[in-house]
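Peer 1: Have a look at this one before I ask anything.
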Amino acid sequence: MIKFSRLFIVFALIFAACSSEDDGTETGGETGGTDSFDRGAMLVNWADNIIVPAYNNMATKTQNVETAATAFTSAPDAAGLQQLREAYVDAYKSFQSVSMFQVGKAEEINYRSYLNTYPANTSNIDSKISSGSFNLELPSSFAEQGLPALDYLLFGMGTSEETVALYSSNENYRTYLNAVASRMNALTTEVSNSWNGDYRDTFVSNTSSSSTGSVDKFTNDYVMYFEKILRSGKIGFPAGAFTGTASPSNVEARFNSEISRELYLEALQSFEDFFYGRHFSGNGTGSSYKQYLEYLDSMKEGSDLASLIENQLDAIQSQSSSLESNLKSQVEKDNTKMLEAYDELQKAVILLKVDMMQALSISVDYVDSDGD
């Protein structure tokens, strides 16, 4: 009954949003659907102060992973393994700052799917390592590479001593590890180079308020990221929010799960910073969703919408402090807190997907089949 109620509420809100669009009613404060908010300035802030610096940082981290992997596989030892593990953790944390930017080259090459489809398909990885034959460019190999594969290859092979011994004695493992690290860096470099090249200008110049405009397209991706990657992927699926059965093996960084909560918080903070237009460097803010909603004087049931979203993001952050650092252990020992985290995230989904997008006169262009 609880699950059905959530579903009914969301559908009712979405129906109301669609009805206001269908009857020709303009939304978004006094200026309505023809508002004169400077979308170009917002796009410039997004690109120059957040997205490009974040991808440049990620490119540095994946290069560090490839360099450390090459060094470790050339002469496997405990020190080299530790350096590679540290580089992997840094890259995984940095990935949380770019994962939401699935536009342009990242969308074209399925960047997020190649870098972070989890849980890793360990049986397929083992099989391909054993055979020495694999092709990581195939979409069917999403779950056999990227950060989750490194998680398995670096932390799922036993103790540190056993892991060093394995890579010392098995060339196929060394080959696969290097291939995963190299491809991860190559894909990241490709996306970063695109943003530093022509795509940045293409993105910021497309100020149209239509479904093909940069703001409309990106907003759909941004909200979908929160709903499907943050809410469902990091919390909902491990907690069993959709099935009623907890699944701790679905946590991010399953084999090094001590960092799973940290990855969730990094992603949550990056999402929040973007809403406020905070620069990736941490110095300053610029034009943002928050400013846009304030400009439109957007309200919900007599309350300021921007403030409602801000308060809910704060509530999510506050609830997250009750979670253990190891989300796998959290699910196994006290899954109630994970379900509570999911509920707080779901409240934000409604504010973002229904209220914010309606206020901005942006139609939802993706399908939600999670049954929430």
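Ligands are numbered from 1 in the order shown, chains are lettered A, B, ... in the order of the structure tokens, and residues start at 1 in each chain.
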Using only C-alpha atoms, which residues sit within 10 Å of Tyr167 of chain A once same-chain residues fewer than 4 positions away are excluded, as a list in words?

Peer 2: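 The residues satisfying every condition are Phe72, Thr73, Ser74, Ala75, Pro76, Asp77, Leu81, Leu153, Met157, Glu162, Thr163, Glu171, Asn172, Tyr173, Arg174, Thr175 and Leu177 of chain A.
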
Peer 1: With 12 Å as the cut-off and only C-alpha atoms counted, what is the closest atom pair between each nearby residue of segment 202-281 of chain A and segment 42-62 of chain A? Distances in Å to one decimal, ordered by chain and number, as a tab-separated table.

Peer 2:
```
residue	atom	partner	partner_atom	distance
A:Thr202	CA	A:Leu43	CA	10.5
A:Phe203	CA	A:Leu43	CA	7.4
A:Val204	CA	A:Leu43	CA	5.1
A:Ser205	CA	A:Leu43	CA	8.2
A:Asn206	CA	A:Leu43	CA	8.8
A:Thr207	CA	A:Leu43	CA	7.9
A:Ser208	CA	A:Leu43	CA	11.3
A:Gly213	CA	A:Leu43	CA	10.7
A:Ser214	CA	A:Leu43	CA	7.8
A:Val215	CA	A:Leu43	CA	7.4
A:Asp216	CA	A:Leu43	CA	11.2
A:Lys217	CA	A:Leu43	CA	11.9
A:Phe218	CA	A:Leu43	CA	10.0
A:Thr219	CA	A:Leu43	CA	11.4
A:Ser270	CA	A:Ile50	CA	9.7
A:Phe271	CA	A:Ile50	CA	11.1
A:Asp273	CA	A:Ile50	CA	9.2
A:Phe274	CA	A:Ile50	CA	7.6
A:Phe275	CA	A:Trp46	CA	10.0
A:Tyr276	CA	A:Trp46	CA	10.5
A:Gly277	CA	A:Trp46	CA	7.1
A:Arg278	CA	A:Ile50	CA	7.5
A:His279	CA	A:Asn49	CA	5.0
A:Phe280	CA	A:Ile50	CA	4.7
A:Ser281	CA	A:Asn49	CA	7.7
```

Peer 1: What parts of segment 150-364 of chain A does DSSP call strand (DSSP E)? I'd like the answer as a list in words.

Peer 2: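 Written out, the strand (DSSP E) residues of segment 150-364 of chain A are Met299, Lys300, Ser303 and Asp304 of chain A.
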
Peer 1: If you count only C-alpha atoms, which residues fall within 8 Å of Val349 of chain A, apart from same-chain ones fewer than 3 positions away, as a PyMOL selection string?

Peer 2: chain A and resi 223+226-227+345-346+352-354

Peer 1: What lies within 12 Å of segment 63-66 of chain A using only C-alpha atoms, ignoring chain neighbours under 4 positions off, as a PyMOL selection string?

Peer 2: chain A and resi 56-59+70-73+80-92+146-147+150+154+177-189

Peer 1: Leaving out Asp343 of chain A and any residue of its chain fewer than 6 positions from it, which residues lie within 12 Å of it when counting only C-alpha atoms, given as a list in words?

Peer 2: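 After dropping sequence-adjacent residues, the list is Ile2, Lys3, Arg6, Glu227, Arg231, Ser232, Ile235, Gly236, Ala239, Ala241, Phe242, Gln312, Ala315, Ile316, Gln319, Ser320, Thr336, Lys337, Val349, Ile350 and Asp372 of chain A.
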
Peer 1: Please produce an output containing C-alpha atoms for each residue in the selection, written as a compact mmCIF listing (two decimals), in the first residue's frame.

Peer 2:
```
# COMPACT_ATOMS: atom_id res chain seq x y z
CA ILE A 2 2.86 2.41 0.75
CA LYS A 3 4.44 1.70 -2.60
CA ARG A 6 3.87 6.81 -3.73
CA GLU A 227 16.24 10.03 -9.76
CA ARG A 231 18.20 7.81 -5.58
CA SER A 232 17.77 4.41 -7.22
CA ILE A 235 20.35 3.82 -2.33
CA GLY A 236 17.12 2.31 -3.71
CA ALA A 239 17.94 -1.17 0.04
CA ALA A 241 13.05 -0.11 -2.19
CA PHE A 242 11.45 -1.46 -5.38
CA GLN A 312 14.88 19.15 1.10
CA ALA A 315 17.18 17.20 4.90
CA ILE A 316 18.85 14.61 2.68
CA GLN A 319 19.68 12.07 7.11
CA SER A 320 22.87 10.80 5.46
CA THR A 336 15.71 0.93 7.80
CA LYS A 337 18.11 3.85 7.57
CA VAL A 349 12.47 13.86 -6.95
CA ILE A 350 8.92 15.23 -6.83
CA ASP A 372 8.05 4.71 -7.25
```

Peer 1: Name all residues at most 12 Å from Ser123 of chain A (count only C-alpha atoms; drop same-chain ones fewer than 5 positions away) and give them as number ranges by chain.

Peer 2: A: 128-130, 143-144, 149, 152

Peer 1: Would you mind exporting the chosen residues as a compact mmCIF listing (two decimals), in the first residue's frame, restricted to N, CA, C and O atoms?

Peer 2:
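result-v9.txt written:
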```txt
# COMPACT_ATOMS: atom_id res chain seq x y z
N LYS A 128 36.74 -13.87 -19.09
CA LYS A 128 37.53 -13.19 -20.12
C LYS A 128 39.01 -13.14 -19.76
O LYS A 128 39.88 -13.23 -20.63
N ILE A 129 39.27 -13.01 -18.48
CA ILE A 129 40.67 -13.06 -18.05
C ILE A 129 41.23 -14.46 -18.31
O ILE A 129 42.36 -14.61 -18.80
N SER A 130 40.46 -15.46 -17.99
CA SER A 130 40.91 -16.84 -18.18
C SER A 130 41.19 -17.16 -19.65
O SER A 130 42.19 -17.80 -19.98
N ALA A 143 29.44 -3.84 -17.77
CA ALA A 143 29.65 -4.29 -16.39
C ALA A 143 30.95 -5.05 -16.21
O ALA A 143 31.16 -5.68 -15.17
N GLU A 144 31.83 -5.01 -17.21
CA GLU A 144 33.10 -5.74 -17.15
C GLU A 144 34.30 -4.80 -17.19
O GLU A 144 35.42 -5.24 -17.40
N ALA A 149 34.89 -2.57 -12.20
CA ALA A 149 35.82 -3.65 -12.52
C ALA A 149 37.12 -3.48 -11.75
O ALA A 149 37.68 -4.45 -11.22
N TYR A 152 36.76 -4.65 -8.24
CA TYR A 152 36.89 -6.11 -8.13
C TYR A 152 38.34 -6.55 -8.30
O TYR A 152 38.85 -7.36 -7.51
```

Peer 1: Name the residues of segment 110-311 of chain A that fall into alpha helix (DSSP H) according to DSSP on the backbone, using the chain letters and numbers of this document, as an MDAnalysis selection string.

Peer 2: chainID A and resid 111:116 122:131 146:155 160:169 171:196 198:205 214:224 237:239 260:276 289:295 305:311

Peer 1: Using only C-alpha atoms, which protein or nucleic acid residues come within 12 Å of Gly233 of chain A? Drop anything in the same chain fewer than 2 positions from it, and give the result as a VMD selection string.

Peer 2: chain A and resid 116 to 119 224 to 231 235 to 242 247 to 253 260 263 to 264 267 342 345 370

Peer 1: Separation of atom CA of Gln291 of chain A and atom CA of Thr212 of chain A, in Å?

Peer 2: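 Those two atoms sit 22.0 Å apart.
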